[in-house]
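Text of the file coords18.txt, holding compact mmCIF, C-alpha atoms:
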```
# COMPACT_ATOMS: atom_id res chain seq x y z
CA MET A 1 -4.34 15.63 -14.17
CA ASP A 2 -1.53 14.41 -16.47
CA ALA A 3 0.68 13.83 -13.43
CA VAL A 4 -2.12 11.80 -11.83
CA ALA A 5 -2.52 9.80 -15.06
CA ASP A 6 1.23 9.03 -15.07
CA GLN A 7 0.99 7.73 -11.50
CA MET A 8 -2.01 5.58 -12.37
CA ARG A 9 -0.44 3.83 -15.36
CA PRO A 10 1.01 0.87 -13.42
CA ILE A 11 -2.42 0.06 -11.96
CA LYS A 12 -3.94 -3.20 -13.17
CA ALA A 13 -7.60 -4.13 -13.00
CA PHE A 14 -8.83 -7.43 -11.60
CA VAL A 15 -12.34 -8.33 -12.77
CA LEU A 16 -14.38 -10.90 -10.86
CA CYS A 17 -16.18 -12.97 -13.50
CA GLY A 18 -16.19 -16.52 -12.13
CA GLY A 19 -19.65 -16.67 -10.54
CA PHE A 20 -22.39 -19.15 -11.42
CA GLY A 21 -25.07 -16.55 -12.16
CA THR A 22 -27.69 -18.73 -10.49
CA ARG A 23 -30.42 -16.09 -10.50
CA LEU A 24 -30.04 -15.66 -14.25
CA ARG A 25 -30.32 -19.37 -15.10
CA PRO A 26 -33.96 -19.09 -16.28
CA VAL A 27 -32.87 -16.67 -19.03
CA LEU A 28 -29.12 -17.37 -19.37
CA SER A 29 -27.94 -20.96 -19.17
CA ASP A 30 -25.44 -21.28 -22.02
CA ARG A 31 -22.76 -18.82 -20.88
CA PRO A 32 -21.27 -17.16 -17.81
CA LYS A 33 -23.15 -14.15 -16.49
CA SER A 34 -20.48 -11.65 -17.57
CA MET A 35 -20.79 -12.87 -21.17
CA ALA A 36 -24.53 -12.10 -21.38
CA LEU A 37 -25.17 -10.34 -24.69
CA ILE A 38 -26.21 -6.70 -24.61
CA ALA A 39 -27.54 -5.82 -28.05
CA GLY A 40 -25.23 -8.52 -29.41
CA VAL A 41 -22.10 -7.51 -27.45
CA PRO A 42 -20.85 -9.37 -24.35
CA PHE A 43 -21.45 -7.39 -21.15
CA LEU A 44 -17.84 -8.00 -20.12
CA GLN A 45 -16.60 -6.36 -23.30
CA LEU A 46 -18.54 -3.20 -22.44
CA LEU A 47 -17.14 -3.30 -18.91
CA LEU A 48 -13.56 -3.68 -20.17
CA GLU A 49 -14.04 -0.81 -22.60
CA ARG A 50 -15.04 1.32 -19.63
CA VAL A 51 -11.90 0.22 -17.79
CA ARG A 52 -9.77 1.03 -20.83
CA SER A 53 -11.35 4.50 -21.07
CA GLN A 54 -9.96 5.21 -17.59
CA GLY A 55 -6.37 4.63 -18.71
CA VAL A 56 -6.00 1.03 -17.53
CA ASP A 57 -4.63 -1.32 -20.17
CA GLN A 58 -3.63 -4.36 -18.07
CA VAL A 59 -6.47 -6.58 -16.90
CA ILE A 60 -6.64 -9.85 -14.99
CA LEU A 61 -9.88 -11.77 -15.44
CA GLY A 62 -10.81 -13.96 -12.49
CA THR A 63 -12.63 -16.78 -14.23
CA GLY A 64 -14.36 -19.91 -12.95
CA TYR A 65 -17.73 -21.10 -14.22
CA MET A 66 -17.56 -21.67 -18.01
CA ALA A 67 -14.12 -20.05 -17.97
CA GLU A 68 -13.26 -21.25 -21.48
CA GLN A 69 -15.89 -19.00 -23.05
CA ILE A 70 -14.31 -15.90 -21.54
CA GLU A 71 -10.74 -16.98 -22.25
CA ASP A 72 -11.49 -17.98 -25.84
CA PHE A 73 -13.23 -14.67 -26.56
CA PHE A 74 -10.71 -12.22 -25.09
CA ARG A 75 -7.53 -14.29 -25.45
CA ASP A 76 -4.52 -12.02 -24.72
CA GLY A 77 -6.58 -8.86 -25.14
CA ARG A 78 -4.77 -7.43 -28.16
CA GLY A 79 -8.00 -7.24 -30.14
CA PHE A 80 -9.40 -4.99 -27.41
CA ALA A 81 -6.36 -2.71 -26.93
CA LEU A 82 -5.63 -4.46 -23.63
CA ARG A 83 -3.20 -6.91 -22.11
CA VAL A 84 -5.32 -9.63 -20.57
CA SER A 85 -4.22 -12.44 -18.27
CA TYR A 86 -6.28 -14.99 -16.36
CA SER A 87 -6.63 -16.45 -12.91
CA ARG A 88 -8.98 -19.43 -13.01
CA GLU A 89 -10.53 -20.85 -9.86
CA HIS A 90 -11.46 -24.53 -9.90
CA GLU A 91 -13.80 -24.27 -6.93
CA PRO A 92 -15.84 -21.31 -5.68
CA LEU A 93 -13.60 -19.06 -3.60
CA GLY A 94 -15.75 -15.96 -3.18
CA THR A 95 -14.60 -12.46 -4.11
CA GLY A 96 -11.75 -12.46 -1.59
CA GLY A 97 -10.57 -15.98 -2.36
CA ALA A 98 -10.53 -15.28 -6.09
CA LEU A 99 -8.47 -12.16 -5.50
CA LYS A 100 -6.05 -14.07 -3.27
CA LEU A 101 -5.60 -16.73 -5.96
CA ALA A 102 -4.50 -14.01 -8.38
CA GLU A 103 -2.13 -12.34 -5.89
CA PRO A 104 1.10 -12.89 -7.90
CA LEU A 105 -0.45 -11.06 -10.88
CA LEU A 106 -1.75 -8.00 -9.01
CA SER A 107 -0.43 -4.44 -8.94
CA ASP A 108 -0.23 -2.35 -5.78
CA PRO A 109 -2.70 -0.75 -5.50
CA ILE A 110 -5.07 -2.96 -7.45
CA LEU A 111 -8.35 -1.94 -9.03
CA VAL A 112 -11.04 -4.58 -8.45
CA LEU A 113 -14.38 -4.71 -10.28
CA ASN A 114 -17.42 -6.97 -10.18
CA GLY A 115 -17.93 -8.54 -13.59
CA ASP A 116 -21.71 -8.12 -13.51
CA SER A 117 -21.95 -4.39 -12.72
CA TYR A 118 -21.49 -1.44 -15.06
CA ILE A 119 -20.88 1.97 -13.53
CA GLU A 120 -19.64 5.23 -14.99
CA TRP A 121 -16.97 5.79 -12.33
CA SER A 122 -13.83 7.92 -12.56
CA LEU A 123 -10.50 6.28 -11.78
CA ALA A 124 -8.79 9.68 -11.55
CA GLU A 125 -11.23 10.82 -8.86
CA THR A 126 -10.92 7.50 -7.03
CA TYR A 127 -7.13 7.55 -7.17
CA GLU A 128 -6.97 11.18 -6.05
CA LEU A 129 -8.97 10.35 -2.91
CA PHE A 130 -6.88 7.22 -2.38
CA THR A 131 -3.60 9.17 -2.39
CA LYS A 132 -4.86 12.31 -0.62
CA ARG A 133 -6.22 10.32 2.33
CA GLU A 134 -3.47 7.67 2.22
CA ALA A 135 -6.35 5.21 2.12
CA THR A 136 -6.18 1.47 2.52
CA LEU A 137 -9.34 1.06 0.48
CA VAL A 138 -11.60 3.31 -1.61
CA ILE A 139 -15.01 1.98 -2.60
CA VAL A 140 -17.03 3.49 -5.44
CA LEU A 141 -20.54 4.21 -4.16
CA GLN A 142 -23.77 4.84 -6.02
CA ALA A 143 -26.91 6.62 -4.86
CA VAL A 144 -30.03 4.53 -5.53
CA PRO A 145 -33.75 5.05 -4.77
CA ASP A 146 -33.98 1.83 -2.75
CA VAL A 147 -31.09 0.08 -1.02
CA THR A 148 -33.11 -3.02 0.00
CA ARG A 149 -31.64 -5.36 -2.61
CA TYR A 150 -28.06 -4.23 -2.16
CA GLY A 151 -27.47 -3.22 1.44
CA SER A 152 -26.08 0.25 2.12
CA VAL A 153 -22.95 2.16 3.03
CA THR A 154 -22.69 5.15 5.38
CA ILE A 155 -19.96 7.79 5.03
CA ASN A 156 -19.13 10.91 7.02
CA ALA A 157 -18.49 14.43 5.73
CA ASP A 158 -14.90 13.55 4.80
CA GLY A 159 -15.98 10.53 2.75
CA ARG A 160 -14.79 8.03 5.33
CA VAL A 161 -16.87 4.85 5.47
CA THR A 162 -18.39 4.43 8.93
CA GLU A 163 -20.82 1.56 8.42
CA PHE A 164 -21.83 -1.29 6.13
CA VAL A 165 -25.47 -2.33 6.44
CA GLU A 166 -26.60 -5.79 5.31
CA LYS A 167 -29.17 -6.07 2.52
CA GLY A 168 -32.76 -6.19 3.70
CA THR A 169 -31.99 -4.24 6.88
CA ARG A 170 -32.86 -0.81 5.50
CA THR A 171 -35.15 0.44 2.76
CA GLY A 172 -35.42 3.69 0.85
CA GLU A 173 -32.80 5.80 -0.85
CA GLY A 174 -29.16 5.69 0.09
CA LEU A 175 -25.63 4.81 -0.99
CA ILE A 176 -24.66 1.32 -2.07
CA ASN A 177 -21.39 -0.45 -2.78
CA ALA A 178 -21.18 -0.31 -6.60
CA GLY A 179 -18.62 -3.10 -6.88
CA VAL A 180 -15.51 -1.09 -7.80
CA TYR A 181 -12.58 -0.93 -5.36
CA LEU A 182 -9.10 0.53 -5.26
CA LEU A 183 -7.19 -1.24 -2.52
CA ARG A 184 -3.71 -1.81 -1.23
CA LYS A 185 -2.21 -5.21 -1.93
CA GLU A 186 -1.54 -5.69 1.79
CA ILE A 187 -5.26 -6.46 2.15
CA VAL A 188 -4.85 -9.36 -0.29
CA SER A 189 -1.65 -10.56 1.38
CA ALA A 190 -3.48 -10.89 4.69
CA LEU A 191 -6.16 -13.18 3.22
CA PRO A 192 -5.99 -16.95 3.79
CA SER A 193 -5.03 -19.07 0.78
CA ALA A 194 -7.34 -21.62 -0.86
CA LYS A 195 -10.31 -20.59 1.24
CA ALA A 196 -13.66 -19.09 0.28
CA VAL A 197 -13.72 -15.48 1.50
CA SER A 198 -16.10 -12.60 0.77
CA LEU A 199 -14.49 -9.19 0.51
CA GLU A 200 -17.79 -7.49 1.21
CA LYS A 201 -18.87 -9.58 4.23
CA ASP A 202 -15.66 -10.97 5.73
CA VAL A 203 -12.99 -8.38 4.96
CA PHE A 204 -14.23 -4.83 4.42
CA PRO A 205 -16.15 -4.53 7.75
CA THR A 206 -12.95 -5.45 9.62
CA LEU A 207 -11.11 -2.52 8.01
CA LEU A 208 -13.39 0.26 9.23
CA SER A 209 -11.03 1.21 12.05
CA GLY A 210 -8.51 2.08 9.33
CA LYS A 211 -8.62 4.38 6.33
CA VAL A 212 -11.58 3.22 4.26
CA TYR A 213 -13.22 5.85 2.05
CA GLY A 214 -16.06 6.06 -0.41
CA VAL A 215 -16.27 8.10 -3.59
CA ILE A 216 -19.76 8.74 -4.95
CA SER A 217 -20.51 8.21 -8.63
CA ASP A 218 -23.62 9.79 -10.09
CA GLY A 219 -23.43 8.28 -13.57
CA LEU A 220 -25.06 5.22 -15.08
CA PHE A 221 -25.18 2.13 -12.87
CA ILE A 222 -26.65 -1.27 -13.61
CA ASP A 223 -26.15 -4.69 -12.05
CA ILE A 224 -27.26 -7.51 -14.38
CA GLY A 225 -27.59 -10.08 -11.59
CA ILE A 226 -31.33 -10.63 -12.03
CA PRO A 227 -33.40 -11.18 -15.21
CA ALA A 228 -35.27 -7.86 -14.94
CA ASP A 229 -32.04 -5.87 -14.84
CA LEU A 230 -30.47 -7.90 -17.63
CA GLU A 231 -33.49 -6.94 -19.72
CA ARG A 232 -33.16 -3.30 -18.67
CA ALA A 233 -29.49 -3.38 -19.64
CA GLN A 234 -30.51 -3.96 -23.26
CA ILE A 235 -31.99 -0.46 -23.23
CA VAL A 236 -29.60 1.53 -21.05
CA LEU A 237 -26.40 -0.07 -22.39
CA GLY A 238 -27.64 -0.50 -25.95
CA PRO A 239 -25.91 2.70 -27.18
CA HIS A 240 -22.59 1.51 -25.73
CA ALA A 241 -23.00 -1.79 -27.56
CA ASP A 242 -23.73 0.05 -30.80
CA SER A 243 -20.45 1.98 -30.40
CA SER A 244 -18.54 -1.25 -29.74
CA ARG A 245 -19.68 -2.75 -33.03
CA ARG A 246 -18.54 0.19 -35.12
```
Structure rendered as structure tokens:
Amino acid sequence: MDAVADQMRPIKAFVLCGGFGTRLRPVLSDRPKSMALIAGVPFLQLLLERVRSQGVDQVILGTGYMAEQIEDFFRDGRGFALRVSYSREHEPLGTGGALKLAEPLLSDPILVLNGDSYIEWSLAETYELFTKREATLVIVLQAVPDVTRYGSVTINADGRVTEFVEKGTRTGEGLINAGVYLLRKEIVSALPSAKAVSLEKDVFPTLLSGKVYGVISDGLFIDIGIPADLERAQIVLGPHADSSRR
């Protein structure tokens, strides 16, 4: 495992935290979604602590809406045992467009995370699958009781992704895209510049003929994209926030 950790050290994390958080506006209008307070601690701080726990100490924050709040809080990252840099979009570019904007700052491979989802994933496990299968992309997946809100992902016995299913198409339990990706930089290089692109809708489905794999996480998962889940996060992430304040 130490050898794997040595190989992983150059990996940087890119965190998507530039969205408008429209669905949260009724309960969160004074800050970007990723800065929502969880028991007094910004959600993004908890997310970055999780990233740091996996051995990643270089982070690029893809900011946009209310970017100054994020940049003023984290600054260069030294107060959080990280090295933080920023890529700020001045118009909505989607997950793919935001990643393309940050291309000069990225490592290869690059770890990409949604800034509004917290998941207890393992980078070592993800990286091991990535190298063993010589993957182009590994997506962290989560089993949930109902996939309706998220859409679902189908994998075969080897962990290879065979299908992405749009949200609302299926119901019931299944695997969902948990918003954590380890991908080769060549995917980013192929994206158009200065254009709104969705990784999930426009890019990932086109890669299924290649080596796209999923690794299943069975730990805590919460997406704070709607008010009910932001409220639930106060309970399930409260202990993490308590630790952050100590």
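Closest approach to Val197 of chain A among A:Leu99, A:Leu16, A:Ile11, A:Ala36: A:Leu99, based on only C-alpha atoms.
Atom pair atom CA of Arg88 of chain A / atom CA of Leu123 of chain A has a distance of 25.8 Å (rounded to one decimal).
Residue neighbourhood of segment 37-40 of chain A, excluding near-sequence residues (fewer than 3 positions): Ser34, Phe43, Leu44, Leu46, Leu230, Glu231, Ala233, Gln234, Ile235, Leu237, Gly238, Pro239, Ala241, Asp242 and Arg245 of chain A, at 9 Å, using only C-alpha atoms.
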Inset, instruction - Would you kindly return, as a ChimeraX atom specification, each protein, DNA or RNA residue with an atom no farther than 10 Å from any atom of Pro227 of chain A, considering all atoms listed in the file and excluding same-chain residues fewer than 4 positions away? - result: /A:23-28,231-233
Inset, instruction - Considering all atoms listed in the file, return as a PyMOL selection string whatever protein or nucleic-acid residues lie within 12 Å of Ile70 of chain A, sequence-local ones (same chain, fewer than 2 positions apart) excluded. - result: chain A and resi 15-18+31-36+42-45+60-68+72-77+84-88+115
Keeping only C-alpha atoms, write the selected residues to a file as a PDB file, in the frame of the given file.
```
ATOM      1  CA  VAL A  15     -12.340  -8.330 -12.770  1.00  0.00           C
ATOM      2  CA  LEU A  16     -14.380 -10.900 -10.860  1.00  0.00           C
ATOM      3  CA  CYS A  17     -16.180 -12.970 -13.500  1.00  0.00           C
ATOM      4  CA  GLY A  18     -16.190 -16.520 -12.130  1.00  0.00           C
ATOM      5  CA  ARG A  31     -22.760 -18.820 -20.880  1.00  0.00           C
ATOM      6  CA  PRO A  32     -21.270 -17.160 -17.810  1.00  0.00           C
ATOM      7  CA  LYS A  33     -23.150 -14.150 -16.490  1.00  0.00           C
ATOM      8  CA  SER A  34     -20.480 -11.650 -17.570  1.00  0.00           C
ATOM      9  CA  MET A  35     -20.790 -12.870 -21.170  1.00  0.00           C
ATOM     10  CA  ALA A  36     -24.530 -12.100 -21.380  1.00  0.00           C
ATOM     11  CA  PRO A  42     -20.850  -9.370 -24.350  1.00  0.00           C
ATOM     12  CA  PHE A  43     -21.450  -7.390 -21.150  1.00  0.00           C
ATOM     13  CA  LEU A  44     -17.840  -8.000 -20.120  1.00  0.00           C
ATOM     14  CA  GLN A  45     -16.600  -6.360 -23.300  1.00  0.00           C
ATOM     15  CA  ILE A  60      -6.640  -9.850 -14.990  1.00  0.00           C
ATOM     16  CA  LEU A  61      -9.880 -11.770 -15.440  1.00  0.00           C
ATOM     17  CA  GLY A  62     -10.810 -13.960 -12.490  1.00  0.00           C
ATOM     18  CA  THR A  63     -12.630 -16.780 -14.230  1.00  0.00           C
ATOM     19  CA  GLY A  64     -14.360 -19.910 -12.950  1.00  0.00           C
ATOM     20  CA  TYR A  65     -17.730 -21.100 -14.220  1.00  0.00           C
ATOM     21  CA  MET A  66     -17.560 -21.670 -18.010  1.00  0.00           C
ATOM     22  CA  ALA A  67     -14.120 -20.050 -17.970  1.00  0.00           C
ATOM     23  CA  GLU A  68     -13.260 -21.250 -21.480  1.00  0.00           C
ATOM     24  CA  ASP A  72     -11.490 -17.980 -25.840  1.00  0.00           C
ATOM     25  CA  PHE A  73     -13.230 -14.670 -26.560  1.00  0.00           C
ATOM     26  CA  PHE A  74     -10.710 -12.220 -25.090  1.00  0.00           C
ATOM     27  CA  ARG A  75      -7.530 -14.290 -25.450  1.00  0.00           C
ATOM     28  CA  ASP A  76      -4.520 -12.020 -24.720  1.00  0.00           C
ATOM     29  CA  GLY A  77      -6.580  -8.860 -25.140  1.00  0.00           C
ATOM     30  CA  VAL A  84      -5.320  -9.630 -20.570  1.00  0.00           C
ATOM     31  CA  SER A  85      -4.220 -12.440 -18.270  1.00  0.00           C
ATOM     32  CA  TYR A  86      -6.280 -14.990 -16.360  1.00  0.00           C
ATOM     33  CA  SER A  87      -6.630 -16.450 -12.910  1.00  0.00           C
ATOM     34  CA  ARG A  88      -8.980 -19.430 -13.010  1.00  0.00           C
ATOM     35  CA  GLY A 115     -17.930  -8.540 -13.590  1.00  0.00           C
TER      36      GLY A 115
END
```
